[in-house]
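Structure data follow from input_34.cif (mmCIF, C-alpha atoms and all ligand atoms):
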data_final
#
loop_
_atom_site.group_PDB
_atom_site.id
_atom_site.type_symbol
_atom_site.label_atom_id
_atom_site.label_comp_id
_atom_site.auth_asym_id
_atom_site.auth_seq_id
_atom_site.Cartn_x
_atom_site.Cartn_y
_atom_site.Cartn_z
ATOM 1 C CA MET A 25 -14.918 33.180 27.401
ATOM 2 C CA PRO A 26 -14.629 36.597 25.691
ATOM 3 C CA PRO A 27 -16.589 36.776 22.394
ATOM 4 C CA SER A 28 -13.417 37.517 20.383
ATOM 5 C CA VAL A 29 -11.778 34.235 21.574
ATOM 6 C CA LYS A 30 -15.018 32.374 20.883
ATOM 7 C CA SER A 31 -15.252 33.654 17.308
ATOM 8 C CA LEU A 32 -11.541 32.937 16.754
ATOM 9 C CA LEU A 33 -12.067 29.335 17.924
ATOM 10 C CA ARG A 34 -15.143 28.996 15.734
ATOM 11 C CA ALA A 35 -13.249 30.322 12.679
ATOM 12 C CA THR A 36 -10.304 27.961 13.345
ATOM 13 C CA TYR A 37 -12.644 24.994 13.737
ATOM 14 C CA PHE A 38 -14.485 25.939 10.545
ATOM 15 C CA ARG A 39 -11.232 26.295 8.570
ATOM 16 C CA TYR A 40 -10.041 22.919 9.891
ATOM 17 C CA ALA A 41 -13.338 21.219 8.993
ATOM 18 C CA VAL A 42 -13.349 22.696 5.481
ATOM 19 C CA GLY A 43 -9.698 21.648 4.949
ATOM 20 C CA PHE A 44 -10.456 18.124 6.176
ATOM 21 C CA LEU A 45 -13.532 17.769 3.944
ATOM 22 C CA ARG A 46 -11.683 19.141 0.935
ATOM 23 C CA SER A 47 -8.815 16.644 1.347
ATOM 24 C CA LEU A 48 -11.328 13.803 1.758
ATOM 25 C CA VAL A 49 -13.232 14.772 -1.400
ATOM 26 C CA GLU A 50 -9.950 15.153 -3.297
ATOM 27 C CA LYS A 51 -8.728 11.715 -2.182
ATOM 28 C CA TYR A 52 -11.973 9.945 -3.110
ATOM 29 C CA TRP A 53 -12.166 11.818 -6.426
ATOM 30 C CA VAL A 54 -8.639 10.743 -7.444
ATOM 31 C CA PHE A 55 -9.260 7.196 -6.226
ATOM 32 C CA TYR A 56 -12.570 6.629 -8.013
ATOM 33 C CA SER A 57 -11.627 8.339 -11.265
ATOM 34 C CA GLU A 58 -8.568 6.062 -11.504
ATOM 35 C CA SER A 59 -10.257 2.955 -10.136
ATOM 36 C CA LEU A 60 -13.035 3.174 -12.746
ATOM 37 C CA SER A 61 -10.736 3.834 -15.701
ATOM 38 C CA LYS A 62 -7.882 1.459 -14.714
ATOM 39 C CA PHE A 63 -9.510 -1.269 -12.651
ATOM 40 C CA GLY A 64 -6.999 -3.878 -13.877
ATOM 41 C CA THR A 65 -4.099 -2.205 -12.048
ATOM 42 C CA VAL A 66 -5.975 -0.461 -9.212
ATOM 43 C CA GLY A 67 -8.100 -3.532 -8.392
ATOM 44 C CA ALA A 68 -10.013 -2.009 -5.461
ATOM 45 C CA ILE A 69 -13.517 -0.665 -4.931
ATOM 46 C CA ALA A 70 -12.600 1.694 -2.088
ATOM 47 C CA PRO A 71 -9.466 3.178 -0.541
ATOM 48 C CA SER A 72 -8.023 0.951 2.193
ATOM 49 C CA SER A 73 -9.233 1.561 5.747
ATOM 50 C CA VAL A 74 -6.954 2.910 8.454
ATOM 51 C CA LEU A 75 -7.315 -0.418 10.294
ATOM 52 C CA LEU A 76 -6.012 -2.264 7.251
ATOM 53 C CA ALA A 77 -3.146 0.240 7.017
ATOM 54 C CA LYS A 78 -2.287 -0.356 10.689
ATOM 55 C CA ALA A 79 -2.252 -4.117 10.155
ATOM 56 C CA MET A 80 -0.026 -3.706 7.081
ATOM 57 C CA VAL A 81 2.643 -1.828 9.030
ATOM 58 C CA LYS A 82 2.483 -4.113 12.105
ATOM 59 C CA PRO A 83 6.007 -5.488 11.433
ATOM 60 C CA LEU A 84 7.352 -1.924 11.694
ATOM 61 C CA TYR A 85 6.323 -1.819 15.393
ATOM 62 C CA HIS A 86 9.277 -4.169 15.988
ATOM 63 C CA ARG A 87 11.782 -2.245 13.879
ATOM 64 C CA SER A 88 15.379 -1.903 15.064
ATOM 65 C CA ASP A 89 16.768 1.373 16.445
ATOM 66 C CA HIS A 90 19.285 1.496 13.594
ATOM 67 C CA PRO A 91 18.307 3.151 10.313
ATOM 68 C CA ILE A 92 16.133 0.870 8.205
ATOM 69 C CA SER A 93 15.090 0.768 4.576
ATOM 70 C CA VAL A 94 11.466 0.415 3.541
ATOM 71 C CA LEU A 95 9.901 -0.123 0.132
ATOM 72 C CA GLU A 96 6.248 0.596 -0.565
ATOM 73 C CA VAL A 97 4.694 -0.681 -3.785
ATOM 74 C CA GLY A 98 1.379 0.579 -5.202
ATOM 75 C CA PRO A 99 0.526 3.252 -2.613
ATOM 76 C CA GLY A 100 -2.530 4.568 -4.494
ATOM 77 C CA THR A 101 -3.848 7.476 -2.431
ATOM 78 C CA GLY A 102 -1.224 6.923 0.268
ATOM 79 C CA VAL A 103 -3.240 5.340 3.109
ATOM 80 C CA PHE A 104 -0.394 2.919 3.903
ATOM 81 C CA THR A 105 2.245 5.601 3.189
ATOM 82 C CA ALA A 106 0.896 7.811 5.974
ATOM 83 C CA GLU A 107 0.975 4.897 8.412
ATOM 84 C CA ILE A 108 4.502 3.837 7.382
ATOM 85 C CA LEU A 109 5.809 7.374 7.889
ATOM 86 C CA LYS A 110 4.685 7.307 11.537
ATOM 87 C CA HIS A 111 7.377 4.673 12.120
ATOM 88 C CA LEU A 112 10.246 6.291 10.218
ATOM 89 C CA GLY A 113 12.857 8.698 11.507
ATOM 90 C CA PHE A 114 16.368 10.019 11.119
ATOM 91 C CA GLY A 115 18.520 8.068 8.665
ATOM 92 C CA ASP A 116 15.748 5.776 7.434
ATOM 93 C CA CYS A 117 15.358 5.233 3.724
ATOM 94 C CA PHE A 118 11.928 5.023 2.078
ATOM 95 C CA ASP A 119 11.385 4.115 -1.579
ATOM 96 C CA ILE A 120 7.898 4.287 -3.068
ATOM 97 C CA TYR A 121 6.876 2.841 -6.456
ATOM 98 C CA GLU A 122 3.619 3.956 -8.070
ATOM 99 C CA LEU A 123 2.808 3.175 -11.682
ATOM 100 C CA ASN A 124 -0.183 5.490 -12.074
ATOM 101 C CA SER A 125 0.573 9.164 -12.956
ATOM 102 C CA LYS A 126 -2.540 10.557 -11.240
ATOM 103 C CA PHE A 127 -1.776 8.750 -7.960
ATOM 104 C CA TYR A 128 1.873 9.781 -8.291
ATOM 105 C CA ASP A 129 0.897 13.474 -8.681
ATOM 106 C CA TYR A 130 -1.528 13.171 -5.773
ATOM 107 C CA LEU A 131 1.196 11.665 -3.557
ATOM 108 C CA ILE A 132 3.639 14.449 -4.462
ATOM 109 C CA HIS A 133 0.907 16.894 -3.456
ATOM 110 C CA ILE A 134 0.115 15.304 -0.052
ATOM 111 C CA LEU A 135 3.638 14.338 1.049
ATOM 112 C CA ASP A 136 5.145 17.053 3.221
ATOM 113 C CA GLN A 137 8.617 17.081 1.684
ATOM 114 C CA GLN A 138 9.988 19.715 4.023
ATOM 115 C CA ASP A 139 8.852 17.745 7.067
ATOM 116 C CA LEU A 140 10.432 14.551 5.728
ATOM 117 C CA THR A 141 13.720 16.315 5.035
ATOM 118 C CA GLU A 142 13.720 17.898 8.490
ATOM 119 C CA LYS A 143 13.142 14.481 10.063
ATOM 120 C CA GLY A 144 16.134 13.127 8.106
ATOM 121 C CA ILE A 145 14.117 10.539 6.146
ATOM 122 C CA TYR A 146 15.645 9.773 2.738
ATOM 123 C CA TYR A 147 12.599 9.181 0.617
ATOM 124 C CA HIS A 148 12.214 8.732 -3.097
ATOM 125 C CA LEU A 149 8.904 8.511 -4.944
ATOM 126 C CA HIS A 150 9.260 6.690 -8.281
ATOM 127 C CA LYS A 151 6.686 6.923 -11.037
ATOM 128 C CA SER A 152 7.375 3.429 -12.375
ATOM 129 C CA ASP A 153 6.411 -0.181 -12.540
ATOM 130 C CA ILE A 154 7.943 -2.071 -9.615
ATOM 131 C CA ARG A 155 9.413 -4.535 -12.106
ATOM 132 C CA SER A 156 11.847 -1.793 -13.160
ATOM 133 C CA LEU A 157 13.260 -1.605 -9.611
ATOM 134 C CA LYS A 158 16.988 -1.030 -9.966
ATOM 135 C CA GLU A 159 17.969 -0.067 -6.404
ATOM 136 C CA PRO A 160 20.896 -2.259 -5.371
ATOM 137 C CA ARG A 161 19.657 -2.384 -1.746
ATOM 138 C CA GLU A 162 17.822 -5.024 0.226
ATOM 139 C CA TYR A 163 14.831 -3.728 2.175
ATOM 140 C CA ASP A 164 14.016 -4.504 5.815
ATOM 141 C CA PHE A 165 10.321 -4.021 5.112
ATOM 142 C CA ILE A 166 8.332 -4.228 1.904
ATOM 143 C CA ILE A 167 4.700 -3.139 2.096
ATOM 144 C CA SER A 168 2.562 -3.820 -0.942
ATOM 145 C CA GLY A 169 -0.837 -2.400 -1.877
ATOM 146 C CA LEU A 170 -0.775 -4.261 -5.202
ATOM 147 C CA PRO A 171 -3.960 -6.070 -6.235
ATOM 148 C CA PHE A 172 -2.285 -9.411 -7.022
ATOM 149 C CA ASN A 173 -5.625 -11.116 -7.660
ATOM 150 C CA SER A 174 -6.356 -8.669 -10.496
ATOM 151 C CA PHE A 175 -3.118 -9.550 -12.316
ATOM 152 C CA ASP A 176 -2.341 -12.422 -14.654
ATOM 153 C CA ALA A 177 -0.112 -15.225 -13.387
ATOM 154 C CA GLN A 178 2.976 -14.044 -15.270
ATOM 155 C CA THR A 179 2.763 -10.495 -13.855
ATOM 156 C CA VAL A 180 2.332 -11.867 -10.321
ATOM 157 C CA ASP A 181 5.304 -14.180 -10.772
ATOM 158 C CA GLU A 182 7.535 -11.387 -12.131
ATOM 159 C CA ILE A 183 6.578 -8.941 -9.364
ATOM 160 C CA LEU A 184 7.022 -11.467 -6.548
ATOM 161 C CA ARG A 185 10.454 -12.420 -7.877
ATOM 162 C CA VAL A 186 11.552 -8.762 -7.923
ATOM 163 C CA LEU A 187 10.213 -8.137 -4.416
ATOM 164 C CA MET A 188 11.749 -11.267 -2.892
ATOM 165 C CA SER A 189 15.126 -10.578 -4.474
ATOM 166 C CA HIS A 190 15.115 -7.154 -2.770
ATOM 167 C CA LEU A 191 14.003 -8.355 0.662
ATOM 168 C CA ALA A 192 16.722 -8.552 3.347
ATOM 169 C CA PRO A 193 17.311 -12.084 4.769
ATOM 170 C CA MET A 194 15.410 -11.217 7.973
ATOM 171 C CA GLY A 195 13.157 -8.657 6.265
ATOM 172 C CA VAL A 196 9.355 -8.804 6.218
ATOM 173 C CA PHE A 197 7.122 -8.491 3.182
ATOM 174 C CA ALA A 198 3.463 -7.602 3.911
ATOM 175 C CA TYR A 199 0.657 -7.655 1.354
ATOM 176 C CA PHE A 200 -3.104 -8.007 1.508
ATOM 177 C CA GLU A 201 -5.840 -9.743 -0.412
ATOM 178 C CA TYR A 202 -9.572 -9.334 -0.197
ATOM 179 C CA SER A 203 -11.300 -12.135 1.668
ATOM 180 C CA LEU A 204 -14.308 -12.624 -0.567
ATOM 181 C CA PRO A 205 -15.853 -16.114 -0.479
ATOM 182 C CA PRO A 206 -15.089 -17.813 -3.865
ATOM 183 C CA LYS A 207 -18.840 -18.144 -4.630
ATOM 184 C CA ILE A 208 -19.430 -14.382 -4.327
ATOM 185 C CA ARG A 209 -16.252 -13.592 -6.240
ATOM 186 C CA SER A 210 -17.006 -15.922 -9.136
ATOM 187 C CA TYR A 211 -20.517 -14.460 -9.430
ATOM 188 C CA PHE A 212 -18.932 -11.238 -10.792
ATOM 189 C CA LEU A 213 -16.451 -12.943 -13.114
ATOM 190 C CA THR A 214 -16.584 -14.008 -16.742
ATOM 191 C CA SER A 215 -15.359 -17.536 -17.538
ATOM 192 C CA LEU A 216 -12.113 -16.082 -18.948
ATOM 193 C CA GLU A 217 -11.589 -14.151 -15.714
ATOM 194 C CA ARG A 218 -12.181 -17.337 -13.705
ATOM 195 C CA VAL A 219 -9.401 -19.110 -15.606
ATOM 196 C CA ARG A 220 -7.053 -16.167 -15.042
ATOM 197 C CA ILE A 221 -7.806 -16.108 -11.301
ATOM 198 C CA GLN A 222 -7.259 -19.865 -11.033
ATOM 199 C CA ARG A 223 -3.797 -19.513 -12.596
ATOM 200 C CA THR A 224 -2.940 -16.542 -10.404
ATOM 201 C CA SER A 225 -4.135 -18.449 -7.312
ATOM 202 C CA VAL A 226 -1.752 -21.313 -8.088
ATOM 203 C CA ILE A 227 1.219 -18.900 -8.002
ATOM 204 C CA MET A 228 -0.067 -17.109 -4.893
ATOM 205 C CA ASN A 229 -0.731 -20.349 -2.989
ATOM 206 C CA GLN A 230 2.746 -21.682 -3.778
ATOM 207 C CA PHE A 231 4.197 -18.394 -2.587
ATOM 208 C CA ILE A 232 2.168 -18.466 0.655
ATOM 209 C CA ARG A 233 3.262 -22.042 1.458
ATOM 210 C CA LYS A 234 6.901 -21.094 0.929
ATOM 211 C CA HIS A 235 7.065 -17.643 2.536
ATOM 212 C CA GLN A 236 4.161 -16.780 4.850
ATOM 213 C CA PHE A 237 4.835 -16.882 8.622
ATOM 214 C CA HIS A 238 1.709 -15.080 9.867
ATOM 215 C CA CYS A 239 -1.612 -13.732 8.651
ATOM 216 C CA ASP A 240 -4.205 -11.326 10.107
ATOM 217 C CA GLN A 241 -7.848 -10.867 9.193
ATOM 218 C CA VAL A 242 -9.090 -7.250 8.987
ATOM 219 C CA TRP A 243 -12.895 -7.058 8.950
ATOM 220 C CA TRP A 244 -13.125 -3.262 8.981
ATOM 221 C CA ASN A 245 -12.329 -2.714 5.300
ATOM 222 C CA LEU A 246 -14.349 -2.716 2.100
ATOM 223 C CA PRO A 247 -14.239 -5.611 1.321
ATOM 224 C CA PRO A 248 -12.684 -7.276 4.405
ATOM 225 C CA ALA A 249 -9.067 -8.205 3.817
ATOM 226 C CA LYS A 250 -6.419 -10.672 4.886
ATOM 227 C CA VAL A 251 -2.907 -9.363 5.556
ATOM 228 C CA ARG A 252 -0.121 -11.833 4.852
ATOM 229 C CA TYR A 253 3.347 -11.455 6.387
ATOM 230 C CA CYS A 254 6.171 -13.220 4.589
ATOM 231 C CA ARG A 255 9.915 -13.792 4.808
ATOM 232 C CA ARG A 256 12.365 -14.668 2.083
ATOM 233 C CA ASN A 257 13.412 -17.820 3.854
ATOM 234 C CA LEU A 258 11.141 -19.180 6.594
ATOM 235 C CA TRP A 259 13.736 -21.566 7.995
ATOM 236 C CA ALA A 260 16.690 -19.139 8.249
HETATM 237 C C1 LIG A 301 -5.306 -1.384 -4.603
HETATM 238 S S1 LIG A 301 -4.510 0.088 -5.203
HETATM 239 C C2 LIG A 301 -3.819 0.691 -3.700
HETATM 240 C C3 LIG A 301 -4.867 1.292 -2.875
HETATM 241 C C4 LIG A 301 -4.329 1.978 -1.650
HETATM 242 N N1 LIG A 301 -4.103 1.013 -0.602
HETATM 243 C C5 LIG A 301 -5.330 3.035 -1.227
HETATM 244 O O1 LIG A 301 -6.035 2.836 -0.266
HETATM 245 O O2 LIG A 301 -5.416 4.064 -1.919
HETATM 246 C C6 LIG A 301 -3.112 -0.595 -6.053
HETATM 247 C C7 LIG A 301 -2.107 0.405 -6.561
HETATM 248 O O3 LIG A 301 -1.032 -0.313 -7.155
HETATM 249 C C8 LIG A 301 -0.572 0.413 -8.306
HETATM 250 N N2 LIG A 301 0.138 -0.544 -9.181
HETATM 251 C C9 LIG A 301 -0.414 -1.555 -9.894
HETATM 252 N N3 LIG A 301 0.542 -2.240 -10.555
HETATM 253 C C10 LIG A 301 1.732 -1.665 -10.213
HETATM 254 C C11 LIG A 301 3.092 -1.941 -10.580
HETATM 255 N N4 LIG A 301 3.413 -2.944 -11.412
HETATM 256 N N5 LIG A 301 4.079 -1.157 -10.044
HETATM 257 C C12 LIG A 301 3.748 -0.141 -9.196
HETATM 258 N N6 LIG A 301 2.479 0.174 -8.833
HETATM 259 C C13 LIG A 301 1.479 -0.574 -9.339
HETATM 260 C C14 LIG A 301 -1.848 0.973 -8.894
HETATM 261 O O4 LIG A 301 -1.591 2.070 -9.741
HETATM 262 C C15 LIG A 301 -2.617 1.360 -7.621
HETATM 263 O O5 LIG A 301 -2.311 2.659 -7.228
#
For this file, write the structure as structure tokens.
Ligand SMILES: C[S@@+](CC[C@H](N)C(=O)[O-])C[C@H]1O[C@@H](n2cnc3c(N)ncnc32)[C@H](O)[C@@H]1O
Amino acid sequence: MPPSVKSLLRATYFRYAVGFLRSLVEKYWVFYSESLSKFGTVGAIAPSSVLLAKAMVKPLYHRSDHPISVLEVGPGTGVFTAEILKHLGFGDCFDIYELNSKFYDYLIHILDQQDLTEKGIYYHLHKSDIRSLKEPREYDFIISGLPFNSFDAQTVDEILRVLMSHLAPMGVFAYFEYSLPPKIRSYFLTSLERVRIQRTSVIMNQFIRKHQFHCDQVWWNLPPAKVRYCRRNLWA
């Protein structure tokens, strides 16, 4: 190989590696600065793994050929967003709700708007609480990164009601929860926190009994997580 081609390849590789490292540092910086200051709404100790993201979008592998509408709630640093976008194309509609301004700004920065427009994906990133969702549409897929176990029972109830009322009759709602054994989890909790979690668990367990049709365990995540797939009406 001529030396000029070799040095060109080396320079390209170097630029790629630097770009990759910079985006990784940026992502972890945004994640940890927000996670430490707003743990109640972020509710995670690390960004989700790609394997968890793949499990979350599993229902999209069976999407119809017609345009679909997808809602993502609580994207954080966009790990699930990137995976969802791999399954979207011309005519599809994608709404994203993120409450946190820093994550919202980060998402604006990493989403390639020109590419999305060229692909014909109608996407809209909202900087708002999902409970303010006003879109009149029903979504074929709702993917949630929300930390339900960090919320109080009333917040969980309100959010689940909003999400279910916007899920199409045959639509799928996917969310995850960390699979920490109760003994380990309660070790880190105050007694007040334990009461809150018990109340939240009552709501979540009722919801699971009524709506869940499948569940997957993802070990390769920090901590390991369970993905739950739900429908509005299991017996339809
Ligand atoms: C567990 S983090 C998501 C982490 C993401 N999977 C990642 O790897 O970066 C949960 C996200 O939900 C957002 N969030 C919490 N409550 C929300 C609400 N009511 N409406 C919209 N977003 C919310 C938080 O700001 C946070 O970005």
- Task: Determine, counting only C-alpha atoms, which protein, DNA and RNA residues have an atom within 9 Å of an atom of Glu107 in chain A; residues of the same chain fewer than 3 positions away are not included. Present the result as a list in words.
- Result: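 Skipping anything fewer than 3 positions along the chain leaves Val74, Ala77, Lys78, Met80, Val81, Gly102, Val103, Phe104, Lys110 and His111 of chain A.
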- Would you translate the PyMOL selection byres (((chain A and resi 164) around 9) and not hetatm) into the concrete set of residues it matches in this file, as an MDAnalysis selection string? chainID A and resid 87 92:95 162:163 165:166 191:197
- Can you list what the PyMOL selection byres (((chain A and resi 244) around 8) and not hetatm) grabs from this structure, as a list in words? Ser73, Leu75, Leu76, Val242, Trp243, Asn245, Leu246 and Pro248 of chain A
- Message: Please expand the PyMOL selection byres (((not hetatm)) within 7 of (chain A and resi 301)) into the concrete residues it hits in this file, giving the result as an MDAnalysis selection string.
- Response: chainID A and resid 55 65:68 70:73 97:104 121:124 127 152:155 169:171
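Coordinates place CA of Glu96 in chain A at a distance of 12.2 Å from CA of Lys151 in chain A.
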- Item | Length of the CA of Asn257 in chain A to CA of Leu84 in chain A vector [Å] |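 Interatomic distance, CA of Asn257 in chain A to CA of Leu84 in chain A: 18.7 Å.
Shortest atom-to-atom contact with Ser125 in chain A among A:Lys30, A:Pro91, A:Gly43, A:Lys62: A:Lys62, counting only C-alpha atoms.
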- Taking into account only C-alpha atoms, which residue in the set A:His150, A:Arg185, A:Arg34, A:Arg46 is nearest to Met228 in chain A?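 Of all the options, A:Arg185 lies closest to Met228 in chain A.
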- Note on the structure: One decimal place gives the CA of Ile69 in chain A-CA of Tyr56 in chain A separation as 8.0 Å
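Nearest to Gln230 in chain A of all the residues A:Asp139, A:Glu201, A:Glu58, A:Asp181 is A:Asp181, counting all atoms listed in the file.
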- Message: Which residue is closest to Asn173 in chain A? Choose from A:Tyr146, A:Tyr85, A:Tyr253, A:Tyr202 and count only C-alpha atoms.
- Response: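 Closest to Asn173 in chain A of all the choices is A:Tyr202.
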- Quick one: everything within 8 Å of Gly113 in chain A, counting all atoms listed in the file, minus sequence neighbours fewer than 2 positions away in the same chain. Send it as a list in words.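 Residues meeting the cut-off are Pro91, His111, Gly115, Asp116, Lys143, Gly144 and Ile145 of chain A.
Distances from A:Ala198, A:Ile134, A:Leu48, A:Val42 to Ile232 in chain A were compared using all atoms listed in the file, and the smallest one belongs to A:Ala198.
Distances here use all atoms listed in the file; by that measure, the residue among A:Leu149, A:Leu157, A:Leu204, A:Ile221 closest to Val186 in chain A is A:Leu157.
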- Task: Starting from the point (-2.1, -9.8, 8.8), work out which residues of protein, DNA or RNA have an atom no more than 9 Å away when counting all atoms listed in the file; state them as a VMD selection string.
- Result: chain A and resid 76 79 to 80 82 198 to 200 238 to 242 249 to 253
